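Dropping start-v9.txt in here (compact mmCIF, C-alpha atoms (C1' of nucleotides)):
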# COMPACT_ATOMS: atom_id res chain seq x y z
CA MET O 1 -15.02 21.40 75.23
CA GLY O 2 -14.33 25.06 75.59
CA LYS O 3 -11.74 25.15 72.78
CA ASP O 4 -9.05 26.95 74.78
CA VAL O 5 -11.19 30.05 75.40
CA SER O 6 -10.62 31.70 78.75
CA LEU O 7 -13.83 32.43 80.58
CA TYR O 8 -12.05 35.16 82.51
CA GLU O 9 -11.12 36.75 79.21
CA ILE O 10 -14.71 36.59 77.98
CA PHE O 11 -15.91 38.05 81.25
CA GLN O 12 -13.42 40.88 80.96
CA ARG O 13 -14.59 41.73 77.44
CA LEU O 14 -18.19 41.89 78.54
CA PHE O 15 -17.46 43.89 81.66
CA GLU O 16 -15.38 46.42 79.74
CA ARG O 17 -18.16 46.86 77.26
CA PHE O 18 -21.24 46.87 79.48
CA GLY O 19 -20.00 47.64 82.99
CA PRO O 20 -21.62 46.34 86.19
CA GLN O 21 -25.26 45.26 85.76
CA HIS O 22 -26.38 45.31 89.42
CA TRP O 23 -28.53 42.27 89.12
CA TRP O 24 -30.95 40.69 90.05
CA PRO O 25 -33.66 43.28 89.33
CA GLY O 26 -35.55 42.67 92.55
CA GLU O 27 -35.45 44.74 95.70
CA THR O 28 -35.37 41.97 98.29
CA PRO O 29 -34.41 38.28 98.40
CA PHE O 30 -38.12 37.49 98.54
CA GLU O 31 -38.81 39.41 95.34
CA VAL O 32 -35.91 37.69 93.66
CA LEU O 33 -37.29 34.32 94.67
CA VAL O 34 -40.73 35.16 93.31
CA GLY O 35 -39.26 36.64 90.15
CA ALA O 36 -37.22 33.51 89.50
CA VAL O 37 -40.43 31.51 89.11
CA LEU O 38 -42.35 34.18 87.22
CA VAL O 39 -39.62 34.72 84.63
CA GLN O 40 -39.70 31.14 83.36
CA ASN O 41 -39.74 31.44 79.57
CA THR O 42 -41.08 34.98 79.87
CA ALA O 43 -39.85 38.53 79.21
CA TRP O 44 -38.75 40.34 82.35
CA SER O 45 -40.94 43.35 81.52
CA ASN O 46 -43.99 41.17 82.11
CA VAL O 47 -42.62 39.89 85.40
CA GLU O 48 -42.09 43.44 86.67
CA LYS O 49 -45.78 44.19 86.35
CA ALA O 50 -46.67 41.13 88.38
CA ILE O 51 -44.11 41.88 91.09
CA GLU O 52 -45.33 45.44 91.32
CA ARG O 53 -48.87 44.20 91.95
CA LEU O 54 -47.67 41.94 94.74
CA ARG O 55 -45.71 44.79 96.26
CA GLU O 56 -48.74 47.10 96.15
CA ALA O 57 -50.79 44.41 97.86
CA GLY O 58 -48.20 44.26 100.65
CA LEU O 59 -47.39 40.62 99.94
CA THR O 60 -43.72 40.86 100.81
CA ASN O 61 -42.93 37.60 102.56
CA PRO O 62 -43.63 33.88 102.14
CA LYS O 63 -46.40 33.54 104.73
CA ALA O 64 -48.26 36.60 103.49
CA LEU O 65 -48.16 35.44 99.89
CA TYR O 66 -49.07 31.87 100.75
CA SER O 67 -52.14 33.11 102.63
CA VAL O 68 -53.58 34.40 99.35
CA PRO O 69 -56.03 31.94 97.77
CA GLU O 70 -54.68 30.37 94.61
CA THR O 71 -57.27 31.87 92.24
CA GLU O 72 -56.55 35.30 93.68
CA LEU O 73 -52.83 34.78 93.24
CA GLU O 74 -53.46 33.81 89.62
CA GLU O 75 -55.09 37.17 88.96
CA LEU O 76 -52.31 39.08 90.71
CA ILE O 77 -49.56 37.51 88.63
CA ARG O 78 -51.53 37.37 85.40
CA PRO O 79 -49.31 39.84 83.50
CA ALA O 80 -46.40 37.43 83.85
CA GLY O 81 -48.10 34.87 81.61
CA TYR O 82 -48.62 31.14 82.28
CA TYR O 83 -50.37 32.53 85.33
CA ARG O 84 -52.22 29.40 86.39
CA ILE O 85 -49.26 27.07 86.33
CA LYS O 86 -47.01 29.72 87.85
CA ALA O 87 -49.41 30.31 90.72
CA ARG O 88 -49.24 26.61 91.50
CA ARG O 89 -45.44 26.52 91.21
CA LEU O 90 -45.04 29.59 93.34
CA ARG O 91 -47.23 28.11 96.03
CA ASN O 92 -45.22 24.88 95.94
CA LEU O 93 -42.09 26.91 96.61
CA LEU O 94 -43.69 29.05 99.32
CA ARG O 95 -45.07 25.99 101.08
CA PHE O 96 -41.59 24.53 101.11
CA CYS O 97 -40.08 27.72 102.59
CA ILE O 98 -42.75 27.79 105.29
CA GLU O 99 -42.84 24.13 106.23
CA ARG O 100 -39.11 23.56 106.10
CA TYR O 101 -37.75 26.92 107.27
CA GLY O 102 -40.64 28.59 109.04
CA GLY O 103 -40.94 31.08 106.21
CA SER O 104 -37.49 32.55 106.93
CA LEU O 105 -35.41 32.93 103.78
CA GLU O 106 -32.45 33.87 105.96
CA ARG O 107 -32.68 30.50 107.66
CA MET O 108 -33.19 28.77 104.35
CA PHE O 109 -30.06 30.27 102.81
CA ARG O 110 -27.96 29.20 105.79
CA THR O 111 -28.38 25.64 104.53
CA PRO O 112 -25.31 24.22 102.75
CA LEU O 113 -25.50 24.98 99.03
CA LYS O 114 -25.60 21.45 97.62
CA GLU O 115 -28.17 20.34 100.14
CA LEU O 116 -30.49 23.31 99.54
CA ARG O 117 -30.12 22.93 95.79
CA GLU O 118 -31.33 19.35 95.96
CA GLU O 119 -34.27 20.39 98.11
CA LEU O 120 -35.29 23.11 95.66
CA LEU O 121 -35.01 20.73 92.70
CA SER O 122 -37.38 18.32 94.41
CA ILE O 123 -40.17 20.94 94.32
CA ASN O 124 -42.56 20.58 91.41
CA GLY O 125 -42.05 23.58 89.15
CA ILE O 126 -38.49 24.37 90.25
CA GLY O 127 -35.98 23.23 87.64
CA PRO O 128 -32.21 23.75 87.54
CA GLU O 129 -32.21 27.33 86.27
CA THR O 130 -34.87 28.52 88.69
CA ALA O 131 -33.10 26.81 91.58
CA ASP O 132 -29.72 28.27 90.68
CA SER O 133 -31.19 31.75 90.20
CA ILE O 134 -32.73 31.61 93.65
CA LEU O 135 -29.52 30.33 95.23
CA LEU O 136 -27.25 32.88 93.54
CA TYR O 137 -29.37 36.01 93.33
CA ALA O 138 -31.54 35.67 96.42
CA GLY O 139 -29.18 33.66 98.63
CA ASN O 140 -25.78 34.92 97.48
CA LEU O 141 -24.54 31.34 97.23
CA PRO O 142 -21.89 30.54 94.60
CA THR O 143 -23.71 28.47 91.99
CA PHE O 144 -23.47 29.34 88.30
CA VAL O 145 -26.74 30.07 86.50
CA VAL O 146 -27.08 28.78 82.95
CA ASP O 147 -29.87 30.07 80.75
CA ALA O 148 -30.98 30.13 77.12
CA TYR O 149 -28.67 33.05 76.33
CA THR O 150 -25.64 31.38 77.87
CA HIS O 151 -26.31 28.27 75.85
CA ARG O 152 -26.95 30.15 72.60
CA ILE O 153 -23.91 32.41 72.88
CA PHE O 154 -21.51 29.60 73.70
CA ALA O 155 -22.89 27.18 71.11
CA ARG O 156 -22.89 29.77 68.34
CA HIS O 157 -19.20 30.39 68.97
CA GLY O 158 -18.51 26.69 68.85
CA TRP O 159 -17.27 26.65 72.44
CA VAL O 160 -19.80 23.97 73.37
CA ASP O 161 -22.18 21.69 71.46
CA PHE O 162 -25.77 22.77 70.84
CA ASP O 163 -27.05 19.60 72.49
CA ILE O 164 -25.11 20.12 75.73
CA ASP O 165 -27.30 19.68 78.79
CA TYR O 166 -27.77 22.13 81.65
CA HIS O 167 -25.50 20.53 84.20
CA THR O 168 -22.65 19.86 81.79
CA LEU O 169 -22.59 23.54 80.82
CA LYS O 170 -22.90 24.62 84.43
CA ASP O 171 -20.05 22.33 85.46
CA TYR O 172 -17.93 23.71 82.63
CA PHE O 173 -18.27 27.24 84.00
CA GLU O 174 -17.69 26.19 87.58
CA SER O 175 -14.60 24.16 86.65
CA GLN O 176 -13.01 27.17 84.93
CA LEU O 177 -13.98 29.84 87.47
CA GLU O 178 -13.29 30.30 91.16
CA PRO O 179 -16.43 29.82 93.25
CA ASP O 180 -17.06 33.54 93.62
CA THR O 181 -20.62 34.75 94.16
CA ALA O 182 -19.97 38.26 92.86
CA LEU O 183 -18.26 36.90 89.74
CA TYR O 184 -21.04 34.37 89.00
CA ASN O 185 -23.65 37.05 89.57
CA GLU O 186 -22.02 39.59 87.26
CA PHE O 187 -21.04 37.07 84.59
CA HIS O 188 -24.53 35.68 84.16
CA ALA O 189 -26.03 39.18 84.14
CA LEU O 190 -23.56 40.23 81.44
CA LEU O 191 -24.42 37.19 79.32
CA VAL O 192 -28.10 38.11 79.49
CA LYS O 193 -27.24 41.69 78.53
CA LEU O 194 -25.19 40.44 75.60
CA GLY O 195 -27.94 38.06 74.60
CA LYS O 196 -30.64 40.70 74.65
CA ASP O 197 -28.61 43.23 72.70
CA TYR O 198 -26.73 41.04 70.22
CA CYS O 199 -27.69 37.38 70.34
CA HIS O 200 -31.39 37.04 69.63
CA LYS O 201 -32.75 33.69 68.57
CA ARG O 202 -33.52 34.67 64.99
CA GLN O 203 -31.22 37.52 64.18
CA PRO O 204 -27.82 37.82 65.87
CA ARG O 205 -26.12 41.20 65.37
CA CYS O 206 -22.50 40.14 65.30
CA GLU O 207 -21.15 43.32 63.69
CA GLU O 208 -21.04 45.29 66.93
CA CYS O 209 -20.92 42.38 69.36
CA PRO O 210 -18.09 42.65 71.90
CA LEU O 211 -17.25 38.99 71.22
CA ARG O 212 -17.15 39.33 67.41
CA GLU O 213 -13.43 38.61 67.21
CA TYR O 214 -14.12 35.13 68.62
CA LEU O 215 -16.64 34.29 65.89
CA PRO O 216 -15.90 31.16 63.86
CA GLU O 217 -15.14 31.57 60.13
CA GLY O 218 -18.34 32.16 58.18
CA GLY O 219 -20.36 33.47 61.10
CA PRO O 220 -22.06 31.91 64.09
CA TYR O 221 -22.84 28.19 64.19
CA GLU O 222 -26.43 27.05 64.04
CA PRO O 223 -28.21 24.08 65.57
CA VAL O 224 -27.99 20.95 63.42
C1' DT T 1 -49.11 39.82 61.95
C1' DG T 2 -46.35 36.60 63.89
C1' DC T 3 -42.52 35.57 66.61
C1' DC T 4 -40.24 35.67 70.77
C1' DA T 5 -39.15 35.87 75.85
C1' DG T 6 -33.74 34.78 81.67
C1' DG T 7 -38.36 26.92 81.78
C1' DC T 8 -40.53 23.04 83.37
C1' DC T 9 -43.58 19.20 83.52
C1' DG T 10 -46.07 15.13 81.96
C1' DG T 11 -47.42 11.87 78.64
C1' DG T 12 -46.09 9.47 74.63
C1' DT T 13 -42.71 6.69 72.03
C1' DA N 1 -33.84 7.77 77.72
C1' DC N 2 -35.46 11.10 74.61
C1' DC N 3 -39.15 13.97 72.34
C1' DC N 4 -42.80 17.04 72.21
C1' DG N 5 -46.95 19.70 73.27
C1' DG N 6 -48.86 22.71 76.69
C1' DC N 7 -48.72 26.66 79.39
C1' DA N 8 -50.20 32.83 78.30
C1' DT N 9 -49.10 37.67 78.45
C1' DG N 10 -46.98 41.81 76.36
C1' DG N 11 -43.51 44.04 73.12
C1' DC N 12 -41.48 44.77 68.77
Transcribe the structure of this file into structure tokens.
Amino acid sequence: MGKDVSLYEIFQRLFERFGPQHWWPGETPFEVLVGAVLVQNTAWSNVEKAIERLREAGLTNPKALYSVPETELEELIRPAGYYRIKARRLRNLLRFCIERYGGSLERMFRTPLKELREELLSINGIGPETADSILLYAGNLPTFVVDAYTHRIFARHGWVDFDIDYHTLKDYFESQLEPDTALYNEFHALLVKLGKDYCHKRQPRCEECPLREYLPEGGPYEPV
DNA sequence: TGCCAGGCCGGGT
DNA sequence: ACCCGGCATGGC
């Protein structure tokens, strides 16, 4: 796997082209945590509207947000889509933060990475990408975030199989890269930028893609 | 108009 | 152990 491509080289290409992305687009660790749930299979533009409503309502910490009745929370986050299931998932996460860490994210993120990751994954509604996004972007802990863009970009180049699972791809990145929070943060952000601009699901625009020289003969691979 | 977006869960084979 | 439908809004 990986076909002798250097991830550092790929990172360098992307960074030269796009520059620093200053991710995650959230002002505080709490907003990042909330955004990680709201963005599940959803465009970020929709999530922004929901976060803005929470901010306007002064719901800026776990206890405050958990005190909001579920049906009211549903209406607040409605622009983010899947609003009923996301309200439930968000409350599952908030309850965990409150019951386990007294509502202090600072305390929560002092927990050893592997241990906290397992705890997050045990919450209904928190899968591997949401957990890793919270750990990396809210907690500054060195865990690599894999998402649909990462998978699509790497599979289309033939660097990994289309049917690779989340943890195998994650482990591939972490085995090739030093455990560096800033690097993981920037790399994932750059992959999302590349994905949005050049690697859409239906119509990739390889002509101007910064990785075009790595394309396989005959264009990008497709799922079998 | 229809397709897509920074997933995840639960029920059915 | 897979496989698949459901969840929902907003932008192009």
*Go through O:Glu129, O:Ser175, O:Arg78, O:His157 one by one, measure the shortest atom-to-atom distance of each to DT9 (chain N) using all atoms listed in the file, and give the residue with the smallest value.*
O:Arg78
_Would you pick out the contacts of DC4 (chain T) at 12 Å or less, using all atoms listed in the file, so that residues sharing its chain but fewer than 6 positions from it are not included, and give the list as a list of chain:residue names?_
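That gives O:Asn41, O:Thr42, O:Ala43, O:Lys196, O:His200, O:Lys201, O:Arg202, O:Gln203, N:DT9, N:DG10, N:DG11, N:DC12.
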_Distance filter 8 Å, all atoms listed in the file, chain O against chain N, as a list in words_ = Asn46, Arg78, Pro79, Ala80, Gly81, Tyr82, Tyr83 and Ile85 of chain O
*Interface residues on chain O facing chain T, 12 Å, all atoms listed in the file, written as number ranges by chain*: O: 23-25, 35-47, 80-82, 85-86, 89, 121, 123-133, 145-151, 166, 188-196, 200-203
*Of the residues O:Gly139, O:Pro112, O:Pro216, O:Gly103, which is the one nearest to Trp159 (chain O), using only C-alpha atoms?*
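Of O:Gly139, O:Pro112, O:Pro216, O:Gly103, the one nearest Trp159 (chain O) is O:Pro216, counting only C-alpha atoms.
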*Work out how far CA of Ile164 (chain O) is from CA of Glu222 (chain O), in Å to one decimal.*
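Distance reported for this atom pair: 13.7 Å.
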*asked:* For a test of reading the model, state the distance in Å between CA of Gly219 (chain O) and CA of Ile10 (chain O), rounded to one decimal.
replied: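 These atoms are spaced 18.1 Å apart.
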_Coordinates-based distance that separates CA of Glu48 (chain O) from CA of Gly102 (chain O) (Å, one decimal)_ =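 Rounded to one decimal, the two atoms are 26.9 Å apart.
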*Which of these residues is nearest to Leu90 (chain O), using all atoms listed in the file: O:Glu31, O:Glu56, O:Glu115, O:Glu208?*
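That would be O:Glu31, the residue with the smallest distance to Leu90 (chain O).
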